$ cat coords_12.tsv   # TSV, C-alpha atoms and all ligand atoms
chain	number	residue	atom	x	y	z
A	52	MET	CA	95.66	-7.86	-3.77
A	53	SER	CA	99.09	-9.36	-4.48
A	54	GLN	CA	99.22	-12.48	-6.61
A	55	SER	CA	101.86	-14.30	-4.62
A	56	LEU	CA	100.50	-17.37	-2.87
A	57	ILE	CA	101.75	-19.49	-0.01
A	58	TYR	CA	101.03	-23.21	0.11
A	59	ARG	CA	100.78	-24.82	3.52
A	60	ASP	CA	100.37	-28.20	5.17
A	61	CYS	CA	97.54	-28.85	7.61
A	62	PRO	CA	97.96	-26.26	10.41
A	63	VAL	CA	96.86	-28.85	12.99
A	64	CYS	CA	98.53	-32.18	12.08
A	65	ASP	CA	101.07	-31.10	9.38
A	66	SER	CA	99.69	-33.64	6.88
A	67	ASN	CA	99.45	-32.66	3.21
A	68	ALA	CA	96.62	-35.06	2.33
A	69	ALA	CA	93.79	-32.55	1.92
A	70	GLN	CA	90.74	-32.59	-0.34
A	71	PRO	CA	88.84	-29.60	-1.80
A	72	HIS	CA	86.04	-28.49	0.55
A	73	TRP	CA	84.69	-25.10	-0.58
A	74	GLN	CA	85.62	-22.76	-3.38
A	75	LYS	CA	84.54	-19.13	-3.30
A	76	GLY	CA	86.03	-16.88	-5.98
A	77	GLU	CA	89.81	-17.05	-5.58
A	78	LEU	CA	89.49	-18.65	-2.17
A	79	HIS	CA	90.25	-22.38	-1.95
A	80	ILE	CA	89.28	-24.12	1.26
A	81	VAL	CA	90.42	-27.71	1.82
A	82	ARG	CA	89.73	-30.40	4.41
A	83	CYS	CA	92.54	-32.46	5.92
A	84	GLY	CA	92.20	-36.17	5.19
A	85	ARG	CA	93.91	-37.09	8.45
A	86	CYS	CA	92.48	-34.78	11.16
A	87	SER	CA	89.51	-33.18	9.28
A	88	MET	CA	90.80	-29.62	9.83
A	89	VAL	CA	89.26	-27.18	7.34
A	90	TYR	CA	91.68	-24.49	6.09
A	91	ALA	CA	92.49	-22.16	3.22
A	92	ASN	CA	95.20	-23.41	0.89
A	93	PRO	CA	96.96	-21.69	-0.78
A	94	VAL	CA	96.71	-18.30	0.94
A	95	PRO	CA	97.72	-14.83	-0.33
A	96	ALA	CA	101.17	-13.92	1.01
A	97	GLU	CA	99.93	-10.65	2.53
A	98	MET	CA	97.41	-12.57	4.66
A	99	ALA	CA	100.04	-15.07	5.77
A	100	THR	CA	102.50	-12.35	6.82
A	101	GLY	CA	99.94	-10.05	8.47
A	102	LYS	CA	100.89	-7.22	6.09
A	103	PHE	CA	97.23	-6.93	5.10
A	104	TYR	CA	96.21	-5.94	8.64
A	105	ASP	CA	98.78	-3.21	8.85
A	106	GLU	CA	97.46	-1.65	5.64
A	107	ALA	CA	94.05	-2.52	4.21
A	108	GLY	CA	92.42	-3.40	7.52
A	109	GLN	CA	92.63	0.05	9.07
A	110	ASP	CA	89.44	1.49	7.62
A	111	TYR	CA	87.55	-1.23	9.47
A	112	TYR	CA	89.52	-1.57	12.69
A	113	LEU	CA	89.53	2.15	13.33
A	114	SER	CA	86.11	3.09	11.94
A	115	VAL	CA	83.91	4.89	14.45
A	116	ASP	CA	81.27	2.12	14.22
A	117	LYS	CA	83.81	-0.59	15.03
A	118	LEU	CA	85.45	1.35	17.86
A	119	GLU	CA	82.16	2.27	19.50
A	120	SER	CA	80.89	-1.31	19.26
A	121	ASP	CA	84.12	-2.74	20.64
A	122	TYR	CA	84.10	-0.33	23.56
A	123	ALA	CA	80.41	-0.85	24.35
A	124	ASP	CA	79.89	-2.60	27.70
A	125	VAL	CA	77.98	-5.49	26.08
A	126	ARG	CA	80.61	-6.34	23.44
A	127	PHE	CA	82.78	-8.69	25.52
A	128	GLU	CA	80.10	-9.65	28.06
A	129	ARG	CA	80.27	-13.42	27.44
A	130	GLU	CA	84.05	-13.47	27.22
A	131	LEU	CA	84.43	-11.46	30.45
A	132	ARG	CA	82.05	-13.73	32.36
A	133	LEU	CA	83.96	-16.85	31.32
A	134	PHE	CA	87.31	-15.17	31.91
A	135	ARG	CA	86.39	-14.01	35.41
A	136	LYS	CA	85.11	-17.46	36.36
A	137	HIS	CA	88.41	-19.16	35.56
A	138	CYS	CA	90.83	-16.35	36.29
A	139	PRO	CA	89.90	-14.12	39.26
A	140	ARG	CA	93.22	-12.20	39.23
A	141	GLY	CA	96.69	-12.02	37.71
A	142	ALA	CA	98.82	-10.79	34.83
A	143	ALA	CA	96.89	-10.93	31.54
A	144	LEU	CA	98.20	-10.67	27.98
A	145	ASP	CA	95.74	-10.19	25.09
A	146	VAL	CA	97.29	-11.23	21.76
A	147	GLY	CA	95.81	-9.49	18.70
A	148	CYS	CA	94.27	-6.95	21.08
A	149	SER	CA	93.48	-4.45	18.29
A	150	SER	CA	92.06	-1.28	19.91
A	151	GLY	CA	92.37	-2.80	23.40
A	152	ALA	CA	88.66	-3.03	24.19
A	153	PHE	CA	88.73	-6.37	26.03
A	154	LEU	CA	91.53	-5.28	28.37
A	155	PHE	CA	89.86	-1.92	28.88
A	156	GLN	CA	86.67	-3.64	30.05
A	157	LEU	CA	88.60	-6.07	32.25
A	158	ARG	CA	90.29	-3.25	34.10
A	159	LYS	CA	87.14	-1.11	34.21
A	160	ARG	CA	85.19	-3.86	35.98
A	161	TRP	CA	87.89	-5.19	38.30
A	162	PRO	CA	90.60	-2.51	38.48
A	163	ALA	CA	92.49	-4.05	41.40
A	164	ASP	CA	92.62	-7.63	40.17
A	165	TYR	CA	94.55	-7.63	36.89
A	166	ARG	CA	97.77	-6.36	35.39
A	167	ILE	CA	96.94	-5.90	31.70
A	168	LEU	CA	99.03	-5.87	28.54
A	169	GLY	CA	98.00	-5.98	24.87
A	170	THR	CA	99.95	-6.83	21.76
A	171	ASP	CA	99.19	-6.62	18.04
A	172	ALA	CA	101.03	-6.50	14.72
A	173	SER	CA	98.92	-3.58	13.52
A	174	GLY	CA	100.09	-0.17	14.76
A	175	PRO	CA	97.16	2.30	14.48
A	176	PRO	CA	94.69	0.34	16.67
A	177	LEU	CA	97.41	0.18	19.35
A	178	ASP	CA	97.68	3.98	19.31
A	179	TYR	CA	94.00	4.04	20.12
A	180	ALA	CA	94.43	1.39	22.87
A	181	GLU	CA	97.14	3.52	24.49
A	182	SER	CA	94.91	6.59	24.30
A	183	ARG	CA	92.42	4.65	26.45
A	184	GLY	CA	95.12	3.75	28.97
A	185	VAL	CA	95.80	0.19	27.82
A	186	ALA	CA	99.50	-0.75	27.97
A	187	VAL	CA	100.75	-2.32	24.73
A	188	VAL	CA	103.77	-4.03	23.21
A	189	ARG	CA	104.14	-3.53	19.46
A	190	GLY	CA	105.19	-5.93	16.74
A	191	ASN	CA	104.96	-9.50	15.55
A	192	PHE	CA	104.08	-11.81	18.42
A	193	LEU	CA	106.39	-14.61	17.26
A	194	GLU	CA	109.48	-12.43	16.95
A	195	ASN	CA	108.83	-10.13	19.88
A	196	GLU	CA	111.42	-10.48	22.65
A	197	GLU	CA	110.02	-7.60	24.70
A	198	LEU	CA	107.19	-9.90	25.80
A	199	ARG	CA	109.71	-12.24	27.44
A	200	VAL	CA	110.66	-9.41	29.77
A	201	CYS	CA	107.02	-8.98	30.82
A	202	ALA	CA	106.48	-12.77	31.20
A	203	PRO	CA	105.45	-15.02	32.82
A	204	PHE	CA	101.72	-14.37	32.55
A	205	ASP	CA	98.86	-15.99	34.47
A	206	VAL	CA	96.60	-15.85	31.43
A	207	ILE	CA	96.83	-15.20	27.67
A	208	THR	CA	93.82	-14.55	25.44
A	209	PHE	CA	93.24	-14.87	21.68
A	210	TRP	CA	89.79	-13.40	20.89
A	211	ALA	CA	88.98	-14.08	17.22
A	212	VAL	CA	92.66	-14.11	16.26
A	213	ILE	CA	93.99	-17.54	15.36
A	214	GLU	CA	91.54	-18.08	12.49
A	215	HIS	CA	93.53	-15.30	10.77
A	216	LEU	CA	96.97	-16.91	11.21
A	217	ALA	CA	98.89	-19.00	8.69
A	218	GLU	CA	100.83	-20.67	11.52
A	219	PRO	CA	98.47	-20.87	14.50
A	220	LYS	CA	100.52	-23.64	16.15
A	221	ARG	CA	103.57	-21.39	16.51
A	222	PHE	CA	101.41	-18.71	18.18
A	223	LEU	CA	99.94	-21.13	20.72
A	224	ASP	CA	103.38	-22.60	21.33
A	225	LYS	CA	104.80	-19.16	22.08
A	226	ALA	CA	101.82	-18.36	24.32
A	227	ASN	CA	102.50	-21.57	26.22
A	228	SER	CA	106.14	-20.53	26.72
A	229	LEU	CA	105.08	-17.15	28.13
A	230	LEU	CA	102.69	-18.64	30.72
A	231	LYS	CA	103.38	-19.67	34.30
A	232	PRO	CA	103.02	-23.41	34.96
A	233	GLY	CA	99.27	-23.99	35.28
A	234	GLY	CA	98.57	-20.71	33.46
A	235	LEU	CA	95.46	-20.37	31.28
A	236	CYS	CA	94.95	-19.67	27.60
A	237	PHE	CA	91.56	-18.55	26.20
A	238	VAL	CA	90.90	-19.06	22.49
A	239	LEU	CA	87.77	-17.87	20.67
A	240	VAL	CA	87.31	-18.84	17.01
A	241	PRO	CA	84.35	-19.17	14.62
A	242	ASN	CA	82.81	-22.65	14.97
A	243	VAL	CA	83.02	-24.49	11.63
A	244	ARG	CA	80.26	-26.82	12.86
A	245	SER	CA	77.85	-23.98	13.69
A	246	PHE	CA	74.26	-23.92	12.51
A	247	ALA	CA	75.12	-20.91	10.31
A	248	THR	CA	78.06	-22.66	8.61
A	249	ARG	CA	76.11	-25.89	8.09
A	250	LEU	CA	73.20	-23.96	6.60
A	251	LEU	CA	75.17	-21.52	4.45
A	252	GLY	CA	78.39	-23.39	3.62
A	253	ARG	CA	80.62	-21.25	1.44
A	254	ARG	CA	77.87	-18.61	1.17
A	255	TYR	CA	78.57	-17.64	4.80
A	256	ARG	CA	80.28	-14.23	4.93
A	257	TYR	CA	82.87	-15.55	7.37
A	258	VAL	CA	84.15	-17.90	4.69
A	259	TYR	CA	86.42	-15.23	3.23
A	260	THR	CA	90.06	-14.45	2.55
A	261	GLN	CA	90.85	-13.10	6.04
A	262	HIS	CA	89.95	-16.43	7.62
A	263	LEU	CA	92.68	-18.98	6.96
A	264	ASN	CA	91.57	-21.59	9.53
A	265	TYR	CA	88.09	-23.07	10.20
A	266	PHE	CA	88.21	-24.87	13.57
A	267	SER	CA	85.91	-27.34	15.26
A	268	ALA	CA	86.26	-28.24	18.95
A	269	PRO	CA	88.22	-31.45	18.15
A	270	THR	CA	90.68	-29.76	15.75
A	271	LEU	CA	91.30	-26.82	18.12
A	272	ALA	CA	91.83	-29.23	21.02
A	273	GLN	CA	94.29	-31.24	18.92
A	274	LEU	CA	96.22	-28.10	17.98
A	275	ALA	CA	96.46	-26.91	21.59
A	276	SER	CA	97.38	-30.35	22.85
A	277	ALA	CA	100.28	-30.51	20.38
A	278	VAL	CA	101.96	-27.55	22.12
A	279	GLY	CA	101.37	-28.71	25.69
A	280	PHE	CA	97.91	-27.47	26.67
A	281	GLN	CA	95.12	-29.47	28.25
A	282	VAL	CA	91.45	-28.58	27.84
A	283	VAL	CA	89.77	-26.96	30.87
A	284	THR	CA	86.40	-26.16	29.30
A	285	ILE	CA	84.60	-25.75	25.96
A	286	ARG	CA	81.78	-23.27	25.23
A	287	PHE	CA	79.72	-22.47	22.17
A	288	THR	CA	78.51	-18.86	22.14
A	289	HIS	CA	76.99	-16.10	19.99
A	290	PHE	CA	74.33	-16.34	17.33
A	291	ASN	CA	73.56	-13.72	14.69
A	292	PRO	CA	70.25	-14.32	12.87
A	293	VAL	CA	70.64	-11.06	10.89
A	294	VAL	CA	73.85	-12.36	9.30
A	295	ILE	CA	72.22	-15.69	8.42
A	296	TRP	CA	69.21	-13.94	6.90
A	297	GLN	CA	71.35	-11.55	4.87
A	298	ASP	CA	73.69	-14.30	3.64
A	299	LEU	CA	70.79	-16.57	2.65
A	300	ARG	CA	69.44	-13.75	0.51
A	301	GLY	CA	72.83	-12.47	-0.67
A	302	GLY	CA	74.05	-15.87	-1.86
A	303	GLY	CA	77.69	-15.39	-0.86
A	304	ARG	CA	78.49	-11.95	-2.23
A	305	ASP	CA	81.41	-10.04	-0.67
A	306	ILE	CA	80.56	-7.99	2.40
A	307	SER	CA	82.61	-4.82	2.69
A	308	ASN	CA	84.38	-3.86	5.89
A	309	LEU	CA	82.10	-0.85	6.11
A	310	GLU	CA	79.01	-3.11	6.04
A	311	ARG	CA	80.56	-5.35	8.69
A	312	ALA	CA	81.21	-2.39	10.96
A	313	GLN	CA	77.69	-1.01	10.44
A	314	LEU	CA	76.12	-4.37	11.21
A	315	LEU	CA	78.23	-4.63	14.34
A	316	ARG	CA	76.95	-1.26	15.48
A	317	ARG	CA	73.33	-2.25	14.80
A	318	THR	CA	73.75	-5.52	16.69
A	319	THR	CA	75.27	-3.64	19.63
A	320	ALA	CA	72.34	-1.19	19.59
A	321	TYR	CA	69.82	-4.07	19.65
A	322	LYS	CA	71.60	-5.54	22.64
A	323	GLN	CA	71.32	-2.26	24.53
A	324	SER	CA	67.80	-1.18	23.59
A	325	THR	CA	64.93	-1.50	26.14
A	326	VAL	CA	62.25	-1.80	23.46
A	327	MET	CA	63.97	-4.91	22.18
A	328	LYS	CA	63.83	-6.64	25.57
A	329	PRO	CA	61.16	-9.30	24.76
A	330	LEU	CA	62.90	-10.14	21.51
A	331	ARG	CA	66.19	-10.33	23.37
A	332	MET	CA	64.77	-13.00	25.68
A	333	VAL	CA	63.78	-15.13	22.68
A	334	TYR	CA	67.20	-14.48	21.21
A	335	SER	CA	68.98	-15.37	24.43
A	336	GLY	CA	67.01	-18.64	24.67
A	337	THR	CA	67.93	-19.51	21.08
A	338	GLU	CA	71.59	-18.75	21.72
A	339	LYS	CA	71.58	-20.98	24.83
A	340	LEU	CA	69.92	-23.81	22.92
A	341	LEU	CA	72.39	-23.57	20.02
A	342	GLY	CA	75.20	-23.40	22.58
A	343	ALA	CA	74.03	-26.59	24.26
A	344	LEU	CA	73.79	-28.30	20.86
A	345	LYS	CA	77.33	-27.05	19.99
A	346	LEU	CA	75.83	-25.17	17.02
A	347	ALA	CA	76.46	-21.56	18.09
A	348	ASP	CA	78.57	-19.24	15.89
A	349	ASN	CA	81.72	-19.22	18.04
A	350	LEU	CA	83.76	-21.79	19.85
A	351	VAL	CA	85.58	-20.76	23.03
A	352	MET	CA	88.09	-23.08	24.64
A	353	VAL	CA	90.01	-22.58	27.85
A	354	PHE	CA	93.34	-24.40	28.07
A	355	ARG	CA	95.79	-24.95	30.92
A	356	LYS	CA	99.54	-25.19	30.52
A	357	ARG	CA	100.59	-28.68	31.51
A	401	ZN	ZN	95.27	-32.34	9.62
$ encode --input "coords_12.tsv" --output "structure tokens"
Amino acid sequence: MSQSLIYRDCPVCDSNAAQPHWQKGELHIVRCGRCSMVYANPVPAEMATGKFYDEAGQDYYLSVDKLESDYADVRFERELRLFRKHCPRGAALDVGCSSGAFLFQLRKRWPADYRILGTDASGPPLDYAESRGVAVVRGNFLENEELRVCAPFDVITFWAVIEHLAEPKRFLDKANSLLKPGGLCFVLVPNVRSFATRLLGRRYRYVYTQHLNYFSAPTLAQLASAVGFQVVTIRFTHFNPVVIWQDLRGGGRDISNLERAQLLRRTTAYKQSTVMKPLRMVYSGTEKLLGALKLADNLVMVFRKR
């Protein structure tokens, strides 16, 4: 990894009054004294520019385990349900679409209702997306003028994307500018106030160099509001007891991309297996309870352009 580091102000409120929050190896996580946003500072330059994802990330994003899990029908089940409820038709742009699995599922389920387009900074996953019939625009989202030609959109999605960005506000601002008036923006991020994060703290595997931002519902709402979005709804979803168990035992060691992909495949297999049905009902009840308590692993917010 390159040694060059980028220092940043709070990605939500631009203040520079932050205090140390967690330290994990070379990773320094701070907490904003003004808005309480938790974020990495400084960050390695290759993470801030996205260069990392065009190089080192490929073994994970294009591994067979990751692709099969992403393209499994259950992978985006929760996201699709929420999406469909708020957006029954229209032109959809998925930012950071990777291999295109979300858009693929959207079109597979409701082929007549959506015009789909994906974009990502990383090339190889887009080749795969195109091979599955998903239309893509290549390049950096912030600099890409081709997207203006395809705009305006009815809906733009960021599924597990903005926690990776050094300048998340600029991304949401651009999304806002590409939407029709009243258009929707879906943002899914890890929930920094989840049960898992509270229990594990810096030992949690998702406290790692690829995650630059650690949002709660209030900080994400503040960020979106700053660029002209209003909150439509907030959900707390997903719960992975296997990850919690492993991280409690592992004590914060690094998890390789290969391990992440394998775990993803196992989790997907559990979700699909008939034998696991009784356990799945217990699991589903636990996930609902954690969701109601705002303690689930992920935070999903739907915003409307004002
Ligand atoms: Zn702040």
$ residues_near_ligand --input "coords_12.tsv" --ligand "ligand ZN 401 (chain A)" --cutoff "10 Å" --atoms "all atoms listed in the file" --output "ChimeraX atom specification"
/A:60-69,82-90,270,273-274
$ residues_around --input "coords_12.tsv" --residues "region 242-245 of chain A" --least-positions-apart "5" --cutoff "10 Å" --atoms "only C-alpha atoms" --output "ChimeraX atom specification"
/A:88-89,250-252,257-258,264-268,271,287-288,290,341-342,344-351
$ residues_near_point --input "coords_12.tsv" --point "(100.0, -18.1, 35.6)" --cutoff "10 Å" --atoms "only C-alpha atoms" --output "PyMOL selection string"
chain A and resi 138+140-143+202-207+229-236+355-356
$ closest_residue --input "coords_12.tsv" --among "A:Glu338, A:Asp164, A:Arg254, A:Tyr122" --to "Arg300 (chain A)" --atoms "all atoms listed in the file"
A:Arg254
$ closest_residue --input "coords_12.tsv" --among "A:Met352, A:Leu216, A:Leu157, A:Met327" --to "Ile285 (chain A)" --atoms "all atoms listed in the file"
A:Met352
$ atom_distance --input "coords_12.tsv" --atom1 "CA of Asp171 (chain A)" --atom2 "CA of Asn291 (chain A)"
26.8 Å
$ closest_residue --input "coords_12.tsv" --among "A:Arg331, A:Gln74, A:Arg357, A:Arg286" --to "Ala343 (chain A)" --atoms "all atoms listed in the file"
A:Arg286
$ atom_distance --input "coords_12.tsv" --atom1 "CA of Lys159 (chain A)" --atom2 "CA of Lys322 (chain A)"
19.9 Å
$ atom_distance --input "coords_12.tsv" --atom1 "CA of Phe237 (chain A)" --atom2 "CA of Ile213 (chain A)"
11.2 Å
$ closest_residue --input "coords_12.tsv" --among "A:Tyr259, A:Phe280, A:Phe127, A:Phe103" --to "Arg160 (chain A)" --atoms "only C-alpha atoms"
A:Phe127
$ closest_residue --input "coords_12.tsv" --among "A:Glu77, A:Glu119, A:Asp145, A:Asp105" --to "Ala226 (chain A)" --atoms "all atoms listed in the file"
A:Asp145
$ closest_residue --input "coords_12.tsv" --among "A:Arg158, A:His137, A:Ser150, A:Ser173" --to "Glu106 (chain A)" --atoms "all atoms listed in the file"
A:Ser173
